[in-house]
Each structure stands twice: as C-alpha cells, then as structure tokens.
$ cat structure-v5.txt   # compact mmCIF, C-alpha atoms and all ligand atoms
# COMPACT_ATOMS: atom_id res chain seq x y z
CA MET A 1 1.69 -108.61 -47.05
CA ALA A 2 3.26 -106.31 -49.62
CA PRO A 3 5.38 -103.66 -47.92
CA TRP A 4 3.01 -101.16 -46.32
CA GLY A 5 1.85 -98.17 -48.33
CA TYR A 6 -1.26 -96.13 -49.01
CA GLU A 7 -2.74 -98.12 -51.90
CA LYS A 8 -5.84 -100.36 -51.80
CA ASP A 9 -3.80 -103.52 -51.29
CA ASN A 10 -1.31 -102.24 -48.68
CA GLY A 11 -2.90 -99.13 -47.14
CA PRO A 12 -3.93 -98.18 -43.56
CA ALA A 13 -6.72 -100.81 -43.39
CA HIS A 14 -4.05 -103.53 -43.81
CA TRP A 15 -1.43 -102.22 -41.38
CA HIS A 16 -2.88 -104.02 -38.30
CA LYS A 17 -1.76 -107.39 -39.74
CA ASP A 18 1.92 -106.55 -39.24
CA CYS A 19 1.30 -103.95 -36.51
CA PRO A 20 -1.57 -104.99 -34.19
CA ILE A 21 -1.07 -101.70 -32.26
CA ALA A 22 -2.86 -100.13 -35.27
CA ASN A 23 -6.05 -100.88 -33.33
CA GLY A 24 -4.63 -99.48 -30.07
CA LYS A 25 -6.15 -96.80 -27.87
CA ASN A 26 -3.52 -94.12 -28.48
CA GLN A 27 -3.28 -93.99 -32.27
CA SER A 28 -2.66 -91.02 -34.57
CA PRO A 29 -3.73 -89.01 -36.42
CA ILE A 30 -7.07 -87.86 -34.97
CA ASP A 31 -9.82 -85.41 -35.87
CA LEU A 32 -9.31 -82.35 -33.61
CA ILE A 33 -12.87 -81.47 -32.63
CA ASN A 34 -12.95 -77.96 -31.17
CA GLY A 35 -16.12 -78.66 -29.17
CA GLU A 36 -14.33 -81.48 -27.31
CA VAL A 37 -10.90 -79.95 -26.58
CA LYS A 38 -9.98 -78.46 -23.20
CA TYR A 39 -8.07 -75.21 -22.75
CA ASP A 40 -5.05 -75.59 -20.40
CA SER A 41 -3.63 -72.25 -19.19
CA GLY A 42 -0.49 -74.11 -18.10
CA LEU A 43 0.47 -74.76 -21.75
CA LYS A 44 3.17 -72.21 -22.52
CA PRO A 45 4.70 -71.51 -25.96
CA LEU A 46 7.29 -73.90 -27.33
CA THR A 47 10.86 -72.91 -28.08
CA ALA A 48 12.60 -74.45 -31.07
CA LYS A 49 16.31 -73.64 -31.44
CA TYR A 50 17.47 -74.93 -34.85
CA VAL A 51 21.10 -74.64 -35.84
CA PRO A 52 21.94 -74.79 -39.60
CA PHE A 53 23.08 -78.31 -40.58
CA SER A 54 26.36 -78.72 -42.44
CA ASP A 55 25.46 -82.18 -43.76
CA ALA A 56 21.80 -82.96 -44.39
CA LYS A 57 19.99 -84.88 -47.10
CA PHE A 58 16.58 -84.38 -48.65
CA LEU A 59 15.33 -87.82 -49.63
CA ASN A 60 12.43 -89.82 -51.06
CA ASN A 61 11.96 -92.88 -48.85
CA GLY A 62 9.07 -94.28 -50.88
CA HIS A 63 6.32 -92.93 -48.64
CA SER A 64 7.36 -89.32 -47.97
CA VAL A 65 10.01 -86.73 -48.77
CA GLN A 66 12.17 -86.04 -45.75
CA PHE A 67 14.87 -83.62 -44.53
CA GLN A 68 17.40 -85.74 -42.63
CA PRO A 69 20.61 -84.45 -41.06
CA SER A 70 23.51 -86.94 -40.87
CA ALA A 71 23.85 -86.31 -37.12
CA GLY A 72 22.49 -84.12 -34.35
CA ASN A 73 23.91 -80.63 -34.03
CA GLY A 74 22.24 -79.31 -30.89
CA SER A 75 18.97 -78.35 -32.60
CA GLU A 76 16.35 -78.78 -29.93
CA LEU A 77 12.78 -78.24 -28.77
CA THR A 78 11.67 -77.26 -25.24
CA GLY A 79 8.66 -75.78 -23.49
CA GLY A 80 4.93 -76.21 -24.11
CA PRO A 81 3.81 -79.61 -22.73
CA LEU A 82 7.36 -80.95 -22.70
CA ALA A 83 9.09 -81.73 -19.40
CA VAL A 84 12.57 -82.15 -20.90
CA LYS A 85 14.63 -81.13 -23.95
CA TYR A 86 13.98 -82.95 -27.23
CA ASN A 87 16.54 -83.26 -30.03
CA PHE A 88 15.57 -82.54 -33.65
CA GLU A 89 15.63 -85.67 -35.83
CA GLN A 90 13.95 -84.97 -39.19
CA PHE A 91 11.03 -83.29 -40.93
CA HIS A 92 8.79 -84.70 -43.66
CA PHE A 93 5.46 -84.11 -45.38
CA HIS A 94 2.06 -85.69 -46.09
CA TRP A 95 -0.07 -84.39 -48.94
CA GLY A 96 -3.01 -85.13 -51.29
CA ASN A 97 -3.55 -85.22 -55.04
CA ASN A 98 -5.89 -82.21 -54.81
CA ASP A 99 -6.47 -79.31 -52.41
CA THR A 100 -9.38 -80.99 -50.58
CA GLU A 101 -7.25 -83.72 -48.96
CA GLY A 102 -3.75 -84.44 -47.74
CA SER A 103 -3.35 -83.67 -44.04
CA GLU A 104 -3.26 -86.41 -41.40
CA HIS A 105 -4.87 -84.48 -38.56
CA ARG A 106 -8.20 -82.76 -39.28
CA VAL A 107 -9.96 -79.86 -37.57
CA ASP A 108 -13.72 -80.38 -37.11
CA GLY A 109 -13.48 -82.87 -39.99
CA LYS A 110 -11.66 -80.45 -42.30
CA MET A 111 -8.54 -81.74 -44.08
CA TYR A 112 -5.84 -79.37 -45.29
CA PRO A 113 -3.94 -80.00 -48.55
CA ALA A 114 -0.81 -81.06 -46.67
CA GLU A 115 0.81 -81.47 -43.24
CA LEU A 116 4.44 -80.93 -42.23
CA HIS A 117 5.91 -82.95 -39.32
CA PHE A 118 8.98 -81.87 -37.36
CA VAL A 119 10.18 -84.92 -35.41
CA HIS A 120 12.13 -84.64 -32.13
CA TRP A 121 13.24 -87.27 -29.60
CA ASN A 122 13.44 -87.14 -25.80
CA SER A 123 17.06 -86.32 -24.94
CA THR A 124 17.02 -88.52 -21.82
CA ASN A 125 17.34 -91.45 -24.27
CA PRO A 126 20.70 -92.44 -25.82
CA SER A 127 19.30 -92.34 -29.38
CA PHE A 128 16.23 -91.70 -31.56
CA LYS A 129 15.58 -95.44 -31.90
CA ASP A 130 15.66 -95.86 -28.11
CA ALA A 131 13.23 -92.96 -27.77
CA VAL A 132 10.79 -94.64 -30.18
CA GLY A 133 10.99 -97.84 -28.12
CA SER A 134 11.06 -96.12 -24.70
CA GLY A 135 7.40 -96.85 -23.91
CA GLY A 136 4.81 -94.20 -23.10
CA PRO A 137 3.93 -90.95 -24.87
CA ASN A 138 7.09 -89.00 -24.10
CA GLY A 139 9.56 -90.70 -26.45
CA LEU A 140 9.02 -88.33 -29.35
CA ALA A 141 7.58 -84.84 -29.77
CA VAL A 142 6.21 -84.17 -33.25
CA LEU A 143 5.21 -80.65 -34.31
CA GLY A 144 2.44 -80.73 -36.92
CA PHE A 145 1.83 -77.77 -39.21
CA PHE A 146 -1.08 -77.70 -41.64
CA LEU A 147 -0.22 -76.36 -45.09
CA LYS A 148 -2.76 -74.38 -47.11
CA VAL A 149 -2.43 -72.94 -50.63
CA GLY A 150 -1.64 -69.23 -50.72
CA ALA A 151 1.52 -67.18 -50.94
CA GLU A 152 4.83 -68.82 -51.82
CA ASN A 153 6.62 -70.06 -48.73
CA ALA A 154 10.10 -68.55 -49.06
CA ALA A 155 11.46 -70.52 -46.08
CA LEU A 156 10.38 -73.85 -47.64
CA LYS A 157 11.44 -72.86 -51.18
CA PRO A 158 14.99 -74.27 -50.85
CA ILE A 159 13.33 -77.60 -49.98
CA THR A 160 10.49 -77.56 -52.55
CA ASP A 161 13.05 -76.54 -55.22
CA LEU A 162 14.89 -79.81 -54.49
CA ILE A 163 11.77 -81.99 -55.02
CA PRO A 164 12.44 -82.62 -58.75
CA LYS A 165 15.82 -84.12 -57.73
CA VAL A 166 14.12 -86.71 -55.45
CA LYS A 167 11.18 -87.56 -57.71
CA ASP A 168 11.88 -91.32 -57.53
CA ALA A 169 11.83 -93.55 -54.44
CA GLY A 170 15.26 -94.16 -52.97
CA THR A 171 16.81 -90.97 -54.33
CA SER A 172 18.39 -88.22 -52.20
CA VAL A 173 20.21 -84.94 -52.58
CA THR A 174 22.46 -82.87 -50.30
CA VAL A 175 20.80 -79.79 -48.84
CA PRO A 176 22.82 -76.55 -49.14
CA SER A 177 24.38 -75.76 -45.74
CA ASN A 178 22.88 -72.27 -45.71
CA PHE A 179 19.35 -73.70 -45.49
CA ASP A 180 17.64 -71.94 -42.56
CA MET A 181 15.20 -74.44 -40.99
CA GLN A 182 14.27 -71.99 -38.22
CA ALA A 183 12.75 -69.68 -40.84
CA ILE A 184 10.03 -72.26 -41.59
CA LEU A 185 8.57 -71.85 -38.09
CA PRO A 186 6.26 -68.99 -37.10
CA ALA A 187 7.99 -66.43 -34.89
CA THR A 188 6.06 -67.62 -31.84
CA LEU A 189 4.85 -71.19 -31.30
CA THR A 190 1.83 -70.34 -29.17
CA ASP A 191 -1.55 -71.68 -30.33
CA TYR A 192 -1.59 -75.48 -30.53
CA TYR A 193 -3.53 -78.68 -29.79
CA THR A 194 -1.64 -81.36 -27.85
CA TYR A 195 -2.42 -84.99 -27.08
CA ASP A 196 -0.73 -88.36 -26.56
CA GLY A 197 -0.55 -90.45 -29.74
CA SER A 198 1.51 -92.55 -32.08
CA LEU A 199 3.61 -92.71 -35.19
CA THR A 200 1.23 -92.38 -38.15
CA THR A 201 2.99 -95.06 -40.18
CA PRO A 202 4.17 -98.55 -39.22
CA PRO A 203 5.44 -99.41 -36.64
CA LEU A 204 2.67 -97.09 -35.25
CA ALA A 205 4.41 -97.03 -31.85
CA GLU A 206 2.43 -95.11 -29.20
CA CYS A 207 5.41 -92.93 -28.27
CA VAL A 208 4.45 -89.46 -29.47
CA LYS A 209 3.53 -86.24 -27.72
CA TRP A 210 1.65 -84.55 -30.59
CA ILE A 211 1.69 -80.76 -30.88
CA VAL A 212 -0.46 -79.55 -33.81
CA PHE A 213 -0.50 -75.83 -34.53
CA LYS A 214 -3.80 -74.08 -35.08
CA GLN A 215 -2.45 -71.59 -37.66
CA PRO A 216 -1.68 -73.19 -41.05
CA LEU A 217 1.47 -72.30 -42.98
CA GLU A 218 1.00 -71.15 -46.58
CA VAL A 219 2.63 -72.64 -49.67
CA SER A 220 2.04 -71.62 -53.28
CA ALA A 221 0.06 -73.70 -55.79
CA ALA A 222 3.37 -74.31 -57.58
CA GLN A 223 4.92 -75.64 -54.35
CA MET A 224 1.92 -77.95 -53.85
CA GLU A 225 2.30 -79.15 -57.46
CA ALA A 226 5.94 -79.97 -56.76
CA PHE A 227 4.86 -82.39 -54.00
CA ARG A 228 2.30 -83.93 -56.36
CA SER A 229 5.05 -84.77 -58.88
CA VAL A 230 6.76 -87.12 -56.40
CA ILE A 231 6.58 -90.84 -57.22
CA ASN A 232 6.30 -93.65 -54.65
CA ARG A 233 7.93 -97.09 -54.59
CA ASP A 234 5.21 -98.46 -56.94
CA GLY A 235 5.87 -95.74 -59.52
CA LYS A 236 2.59 -93.98 -58.70
CA PRO A 237 2.10 -90.39 -57.46
CA MET A 238 2.93 -90.30 -53.74
CA GLY A 239 0.02 -87.96 -53.02
CA GLY A 240 -2.48 -89.48 -50.59
CA ASN A 241 0.30 -90.54 -48.15
CA TYR A 242 -1.87 -89.79 -45.11
CA ARG A 243 -3.48 -92.09 -42.56
CA PRO A 244 -7.18 -91.42 -41.85
CA PRO A 245 -8.17 -90.28 -38.33
CA CYS A 246 -8.16 -92.88 -35.51
CA PRO A 247 -10.59 -93.17 -32.54
CA LEU A 248 -9.78 -90.85 -29.61
CA HIS A 249 -10.93 -93.43 -26.99
CA ASP A 250 -10.47 -91.90 -23.53
CA ARG A 251 -7.76 -89.38 -24.42
CA ALA A 252 -8.03 -85.65 -23.80
CA VAL A 253 -6.97 -83.08 -26.40
CA LYS A 254 -5.67 -79.94 -24.69
CA THR A 255 -5.24 -76.52 -26.24
CA SER A 256 -2.92 -73.67 -25.37
CA PHE A 257 -5.57 -71.26 -26.68
CA LYS A 258 -9.17 -70.47 -25.68
C1 LIG B 301 10.68 -96.15 -36.53
O1 LIG B 301 10.41 -94.81 -36.24
C2 LIG B 301 9.64 -94.08 -37.12
C3 LIG B 301 8.99 -94.62 -38.22
C4 LIG B 301 8.24 -93.78 -39.06
C5 LIG B 301 8.17 -92.42 -38.80
C6 LIG B 301 7.40 -91.49 -39.71
C7 LIG B 301 5.93 -91.43 -39.39
S1 LIG B 301 5.61 -90.89 -37.75
C8 LIG B 301 4.93 -89.43 -38.24
O2 LIG B 301 4.58 -88.54 -37.47
N1 LIG B 301 4.79 -89.35 -39.58
C9 LIG B 301 5.27 -90.38 -40.25
O3 LIG B 301 5.23 -90.45 -41.48
C10 LIG B 301 8.81 -91.91 -37.69
O4 LIG B 301 8.66 -90.58 -37.51
C11 LIG B 301 8.82 -90.13 -36.20
C12 LIG B 301 9.54 -92.72 -36.84
ZN ZN B 302 4.44 -87.67 -40.56
$ encode --input "structure-v5.txt" --output "structure tokens"
Amino acid sequence: MAPWGYEKDNGPAHWHKDCPIANGKNQSPIDLINGEVKYDSGLKPLTAKYVPFSDAKFLNNGHSVQFQPSAGNGSELTGGPLAVKYNFEQFHFHWGNNDTEGSEHRVDGKMYPAELHFVHWNSTNPSFKDAVGSGGPNGLAVLGFFLKVGAENAALKPITDLIPKVKDAGTSVTVPSNFDMQAILPATLTDYYTYDGSLTTPPLAECVKWIVFKQPLEVSAAQMEAFRSVINRDGKPMGGNYRPPCPLHDRAVKTSFK
C-alpha cells in the first residue's frame, strides 16, 4: 500500500490493511453526542504548565504541521481525569479545505473547520515511544480544541505566520524562543468531554485518554487560509487531513460539565 494518507487510494478506509487495530473497539475520533454523554462531578479542571522552549521546530511532516520541541523542558499536564503527570510532547493541527469540514471529533454530527491537538505522555514511562506502546488508555493524554473562524488568534499568530515557511512536506523552521505556548490555552481548562481512544493516524494505537474542550478557539479567516496553503507529500493541499468518526462500541463519554 502507498504510504498512508487522506486521499482516495491511501485514506482512512485503507489503513486497516497495515493497522488491523483500525477496526478496534477503542478508536478515535468519535462523534460526541450530547444526548449520550454522562456528567461526572469528579472531573476537575486540568492544569497545563508550559515553559517556553529554547529549541523547538515547526514542521510539515507530510500529513500535518506540528510544533515539536527538541527535548522536554518540564512542560506538563495534570488534573482532570488524569491520575499522574503527563509531559508535553508536541502539538499539531487537522483542517479542511472549507469551513464546513476539518475537525476530527464532531459534536452532534457538527464538524468544525479545524482541530488542534496538544499531545502529552504519561511520565511514569521512560519516553514518549514507550508511552505509546505501554498498553491501555493511559499512555497519552491529548487535549483537543476545536477551531472556528472569527477573531484573529494572537497566541497562535507566531505559529500561523510560520506556515508559509513549511509549505512543502519535509520542511521545518525554528520557532522563536519567546513563543508563549501557554497563551494558546483558555485561562481555565474546565468544560470538556473525555473518553478512552486511540491515535487518529497510523499506528492507531489505543493508548489515548482524550480530553476535548467544549468551547472552540477562534482563528481568523486569514489564519485558516494559511493552513489551506500547506502542501502534502503528494503535492496536493493538505486540507482534509482528518479521520472520520469511529464507532463508540461500549465506551462511555464523560463530561466535566452539565
Ligand atoms: C507513533 O506515535 C504517534 C503517531 C502519530 C501521532 C499523531 C496522530 S495521534 C493524534 O491525536 N493526531 C494525530 O495526527 C501521534 O500523536 C500522538 C503519535
Ligand atoms: Zn491529531
């Protein structure tokens, strides 16, 4: 099979051939159906403590654009449904070629124009790779933020301004060390959906505690257009780099809000 992608000949419907877990019972993303979620008063806010990185790259890996520090620096996530501390690993985006599509998770069938994933790994593991392979849904914690078109997002502007420099697959650029990742997050991380799921691209490992925030972030139309100028490994627009929703099977989706 051609390397996996999101086109007709290598997209999500093909992934099971190399990754049979694609048809597993704990796959992501899912459609978050408000009539079927269950409020859990034990779900407290999350705390993300992000320290500015002195050496981070913004790169085009052929299927997303990704902020990737060269090493950990103590940036971590705790609280909410998490029993232990998780180390920040990277963040990346999924988006569509128009405003009616682009997010991976959906809410009552609604797609947002884009979705931002902050990836963290369980600090009881020696490394990120070990956390992915650790078995069970506590290896990684991924924060999902929907993006909708509105006001310019000043916190993401240093990143979206770099997009023209990583237009082609395999390119990367150094991120200025004064980039404030913490500023991207809402002041309080309170209202979210959480469920046990998987990576949304191959290898599709079922190692993720998903935490998807109810409140979308806003980005400007110009910032959305910047994403839509990115090219994938086949020289085509990268937009559409989202996996469709997977069956919930017998999983529960909990909410921290009523
Ligand atoms: C081998 O480990 C991997 C492989 C791929 C991804 C990226 C996927 S997973 C997600 O949430 N979105 C994506 O595009 C990953 O991210 C944690 C970890
Ligand atoms: Zn993702």
$ closest_residue --input "structure-v5.txt" --among "A:Asn23, A:Asn98, A:Ser103, A:Ser172" --to "Lys57 (chain A)" --atoms "all atoms listed in the file"
A:Ser172
$ residues_around --input "structure-v5.txt" --residues "Gly62 (chain A)" --least-positions-apart "2" --cutoff "9 Å" --atoms "only C-alpha atoms" --output "list in words"
Gly5, Asn60, Ser64, Val65, Asp168, Ala169, Gly170, Ile231, Asn232, Arg233, Asp234 and Met238 of chain A
$ residues_near_ligand --input "structure-v5.txt" --ligand "ligand LIG 301 (chain B)" --cutoff "10 Å" --atoms "all atoms listed in the file" --output "PyMOL selection string"
chain A and resi 28-29+63-66+89-94+104+115-121+128-133+139-144+197-205+207-208+210+241-243
$ atom_distance --input "structure-v5.txt" --atom1 "CA of Gly240 (chain A)" --atom2 "atom ZN of ligand ZN 302 (chain B)"
12.3 Å
$ closest_residue --input "structure-v5.txt" --among "A:Asn125, A:Thr194, A:Ser41, A:Phe67" --to "ligand ZN 302 (chain B)" --atoms "only C-alpha atoms and all ligand atoms"
A:Phe67
$ atom_distance --input "structure-v5.txt" --atom1 "CA of Pro245 (chain A)" --atom2 "CA of Asp31 (chain A)"
5.7 Å
$ closest_residue --input "structure-v5.txt" --among "A:Cys246, A:Met181, A:Val212, A:Val37" --to "Tyr193 (chain A)" --atoms "only C-alpha atoms"
A:Val212
$ closest_residue --input "structure-v5.txt" --among "A:Leu46, A:Val166, A:Ala221, A:Ala114" --to "ligand ZN 302 (chain B)" --atoms "only C-alpha atoms and all ligand atoms"
A:Ala114
$ closest_residue --input "structure-v5.txt" --among "A:Pro158, A:Pro137, A:Gly102, A:Gly42" --to "Gly79 (chain A)" --atoms "all atoms listed in the file"
A:Gly42
$ atom_distance --input "structure-v5.txt" --atom1 "CA of Glu152 (chain A)" --atom2 "CA of Asn73 (chain A)"
28.6 Å
$ closest_residue --input "structure-v5.txt" --among "A:Lys148, A:His105, A:Asp55, A:Gly72" --to "Ser127 (chain A)" --atoms "all atoms listed in the file"
A:Gly72
$ residues_around --input "structure-v5.txt" --residues "Asp108 (chain A)" --least-positions-apart "6" --cutoff "8 Å" --atoms "all atoms listed in the file" --output "list of chain:residue names"
A:Asp31, A:Leu32, A:Ile33, A:Asn34
$ residues_around --input "structure-v5.txt" --residues "Tyr86 (chain A)" --least-positions-apart "2" --cutoff "7 Å" --atoms "only C-alpha atoms" --output "ChimeraX atom specification"
/A:76-78,84,88,120-123
$ write_last_selection --input "structure-v5.txt" --atoms "C-alpha atoms" --output "mmCIF file, in the frame of the given file"
data_model
loop_
_atom_site.group_PDB
_atom_site.id
_atom_site.type_symbol
_atom_site.label_atom_id
_atom_site.label_comp_id
_atom_site.auth_asym_id
_atom_site.auth_seq_id
_atom_site.Cartn_x
_atom_site.Cartn_y
_atom_site.Cartn_z
ATOM 1 C CA GLU A 76 16.350 -78.780 -29.930
ATOM 2 C CA LEU A 77 12.780 -78.240 -28.770
ATOM 3 C CA THR A 78 11.670 -77.260 -25.240
ATOM 4 C CA VAL A 84 12.570 -82.150 -20.900
ATOM 5 C CA PHE A 88 15.570 -82.540 -33.650
ATOM 6 C CA HIS A 120 12.130 -84.640 -32.130
ATOM 7 C CA TRP A 121 13.240 -87.270 -29.600
ATOM 8 C CA ASN A 122 13.440 -87.140 -25.800
ATOM 9 C CA SER A 123 17.060 -86.320 -24.940
#
$ axis_aligned_box --input "structure-v5.txt" --around "region 148-167 of chain A" --padding-each-side "3 Å" --output "JSON"
{"center_x": 6.5, "center_y": -77.4, "center_z": -52.4, "size_x": 24.6, "size_y": 26.4, "size_z": 18.7}
$ residues_around --input "structure-v5.txt" --residues "Lys258 (chain A)" --least-positions-apart "4" --cutoff "12 Å" --atoms "all atoms listed in the file" --output "PyMOL selection string"
chain A and resi 34-35+37-41+43+190-193+214+254
$ residues_around --input "structure-v5.txt" --residues "Ser220 (chain A)" --least-positions-apart "3" --cutoff "12 Å" --atoms "all atoms listed in the file" --output "list of chain:residue names"
A:Asp99, A:Pro113, A:Ala114, A:Leu147, A:Lys148, A:Val149, A:Gly150, A:Ala151, A:Glu152, A:Asn153, A:Ala154, A:Ala155, A:Leu156, A:Lys157, A:Thr160, A:Leu217, A:Gln223, A:Met224, A:Glu225, A:Ala226, A:Phe227
$ write_last_selection --input "structure-v5.txt" --atoms "C-alpha atoms" --output "PDB file, in the frame of the given file"
ATOM      1  CA  ASP A  99      -6.470 -79.310 -52.410  1.00  0.00           C
ATOM      2  CA  PRO A 113      -3.940 -80.000 -48.550  1.00  0.00           C
ATOM      3  CA  ALA A 114      -0.810 -81.060 -46.670  1.00  0.00           C
ATOM      4  CA  LEU A 147      -0.220 -76.360 -45.090  1.00  0.00           C
ATOM      5  CA  LYS A 148      -2.760 -74.380 -47.110  1.00  0.00           C
ATOM      6  CA  VAL A 149      -2.430 -72.940 -50.630  1.00  0.00           C
ATOM      7  CA  GLY A 150      -1.640 -69.230 -50.720  1.00  0.00           C
ATOM      8  CA  ALA A 151       1.520 -67.180 -50.940  1.00  0.00           C
ATOM      9  CA  GLU A 152       4.830 -68.820 -51.820  1.00  0.00           C
ATOM     10  CA  ASN A 153       6.620 -70.060 -48.730  1.00  0.00           C
ATOM     11  CA  ALA A 154      10.100 -68.550 -49.060  1.00  0.00           C
ATOM     12  CA  ALA A 155      11.460 -70.520 -46.080  1.00  0.00           C
ATOM     13  CA  LEU A 156      10.380 -73.850 -47.640  1.00  0.00           C
ATOM     14  CA  LYS A 157      11.440 -72.860 -51.180  1.00  0.00           C
ATOM     15  CA  THR A 160      10.490 -77.560 -52.550  1.00  0.00           C
ATOM     16  CA  LEU A 217       1.470 -72.300 -42.980  1.00  0.00           C
ATOM     17  CA  GLN A 223       4.920 -75.640 -54.350  1.00  0.00           C
ATOM     18  CA  MET A 224       1.920 -77.950 -53.850  1.00  0.00           C
ATOM     19  CA  GLU A 225       2.300 -79.150 -57.460  1.00  0.00           C
ATOM     20  CA  ALA A 226       5.940 -79.970 -56.760  1.00  0.00           C
ATOM     21  CA  PHE A 227       4.860 -82.390 -54.000  1.00  0.00           C
TER      22      PHE A 227
END
$ build_atoms --input "structure-v5.txt" --residues "region 223-236 of chain A" --atoms "N, CA, C and O atoms" --output "PDB file, in the frame of the given file"
ATOM      1  N   GLN A 223       4.250 -74.788 -55.342  1.00  0.00           N
ATOM      2  CA  GLN A 223       4.920 -75.640 -54.350  1.00  0.00           C
ATOM      3  C   GLN A 223       4.092 -76.902 -54.078  1.00  0.00           C
ATOM      4  O   GLN A 223       4.653 -78.001 -53.993  1.00  0.00           O
ATOM      5  N   MET A 224       2.770 -76.764 -54.030  1.00  0.00           N
ATOM      6  CA  MET A 224       1.920 -77.950 -53.850  1.00  0.00           C
ATOM      7  C   MET A 224       2.088 -78.879 -55.057  1.00  0.00           C
ATOM      8  O   MET A 224       2.182 -80.100 -54.910  1.00  0.00           O
ATOM      9  N   GLU A 225       2.155 -78.311 -56.258  1.00  0.00           N
ATOM     10  CA  GLU A 225       2.300 -79.150 -57.460  1.00  0.00           C
ATOM     11  C   GLU A 225       3.633 -79.898 -57.437  1.00  0.00           C
ATOM     12  O   GLU A 225       3.720 -81.034 -57.901  1.00  0.00           O
ATOM     13  N   ALA A 226       4.647 -79.275 -56.854  1.00  0.00           N
ATOM     14  CA  ALA A 226       5.940 -79.970 -56.760  1.00  0.00           C
ATOM     15  C   ALA A 226       5.774 -81.250 -55.950  1.00  0.00           C
ATOM     16  O   ALA A 226       6.213 -82.336 -56.366  1.00  0.00           O
ATOM     17  N   PHE A 227       5.081 -81.167 -54.788  1.00  0.00           N
ATOM     18  CA  PHE A 227       4.860 -82.390 -54.000  1.00  0.00           C
ATOM     19  C   PHE A 227       4.126 -83.443 -54.826  1.00  0.00           C
ATOM     20  O   PHE A 227       4.430 -84.637 -54.792  1.00  0.00           O
ATOM     21  N   ARG A 228       3.135 -82.981 -55.626  1.00  0.00           N
ATOM     22  CA  ARG A 228       2.300 -83.930 -56.360  1.00  0.00           C
ATOM     23  C   ARG A 228       3.031 -84.593 -57.527  1.00  0.00           C
ATOM     24  O   ARG A 228       2.504 -85.514 -58.142  1.00  0.00           O
ATOM     25  N   SER A 229       4.261 -84.126 -57.801  1.00  0.00           N
ATOM     26  CA  SER A 229       5.050 -84.770 -58.880  1.00  0.00           C
ATOM     27  C   SER A 229       5.904 -85.907 -58.332  1.00  0.00           C
ATOM     28  O   SER A 229       6.557 -86.622 -59.098  1.00  0.00           O
ATOM     29  N   VAL A 230       5.916 -86.083 -57.007  1.00  0.00           N
ATOM     30  CA  VAL A 230       6.760 -87.120 -56.400  1.00  0.00           C
ATOM     31  C   VAL A 230       6.141 -88.502 -56.627  1.00  0.00           C
ATOM     32  O   VAL A 230       4.916 -88.663 -56.558  1.00  0.00           O
ATOM     33  N   ILE A 231       7.011 -89.474 -56.893  1.00  0.00           N
ATOM     34  CA  ILE A 231       6.580 -90.840 -57.220  1.00  0.00           C
ATOM     35  C   ILE A 231       6.917 -91.776 -56.051  1.00  0.00           C
ATOM     36  O   ILE A 231       7.976 -91.644 -55.423  1.00  0.00           O
ATOM     37  N   ASN A 232       6.034 -92.714 -55.765  1.00  0.00           N
ATOM     38  CA  ASN A 232       6.300 -93.650 -54.650  1.00  0.00           C
ATOM     39  C   ASN A 232       7.001 -94.920 -55.159  1.00  0.00           C
ATOM     40  O   ASN A 232       7.324 -95.047 -56.336  1.00  0.00           O
ATOM     41  N   ARG A 233       7.154 -95.848 -54.297  1.00  0.00           N
ATOM     42  CA  ARG A 233       7.930 -97.090 -54.590  1.00  0.00           C
ATOM     43  C   ARG A 233       7.250 -97.892 -55.703  1.00  0.00           C
ATOM     44  O   ARG A 233       7.902 -98.663 -56.411  1.00  0.00           O
ATOM     45  N   ASP A 234       5.909 -97.709 -55.885  1.00  0.00           N
ATOM     46  CA  ASP A 234       5.210 -98.460 -56.940  1.00  0.00           C
ATOM     47  C   ASP A 234       5.143 -97.668 -58.238  1.00  0.00           C
ATOM     48  O   ASP A 234       4.399 -98.030 -59.155  1.00  0.00           O
ATOM     49  N   GLY A 235       5.849 -96.535 -58.301  1.00  0.00           N
ATOM     50  CA  GLY A 235       5.870 -95.740 -59.520  1.00  0.00           C
ATOM     51  C   GLY A 235       4.615 -94.894 -59.697  1.00  0.00           C
ATOM     52  O   GLY A 235       4.354 -94.371 -60.781  1.00  0.00           O
ATOM     53  N   LYS A 236       3.823 -94.785 -58.614  1.00  0.00           N
ATOM     54  CA  LYS A 236       2.590 -93.980 -58.700  1.00  0.00           C
ATOM     55  C   LYS A 236       2.812 -92.659 -57.947  1.00  0.00           C
ATOM     56  O   LYS A 236       3.705 -92.566 -57.103  1.00  0.00           O
TER      57      LYS A 236
END
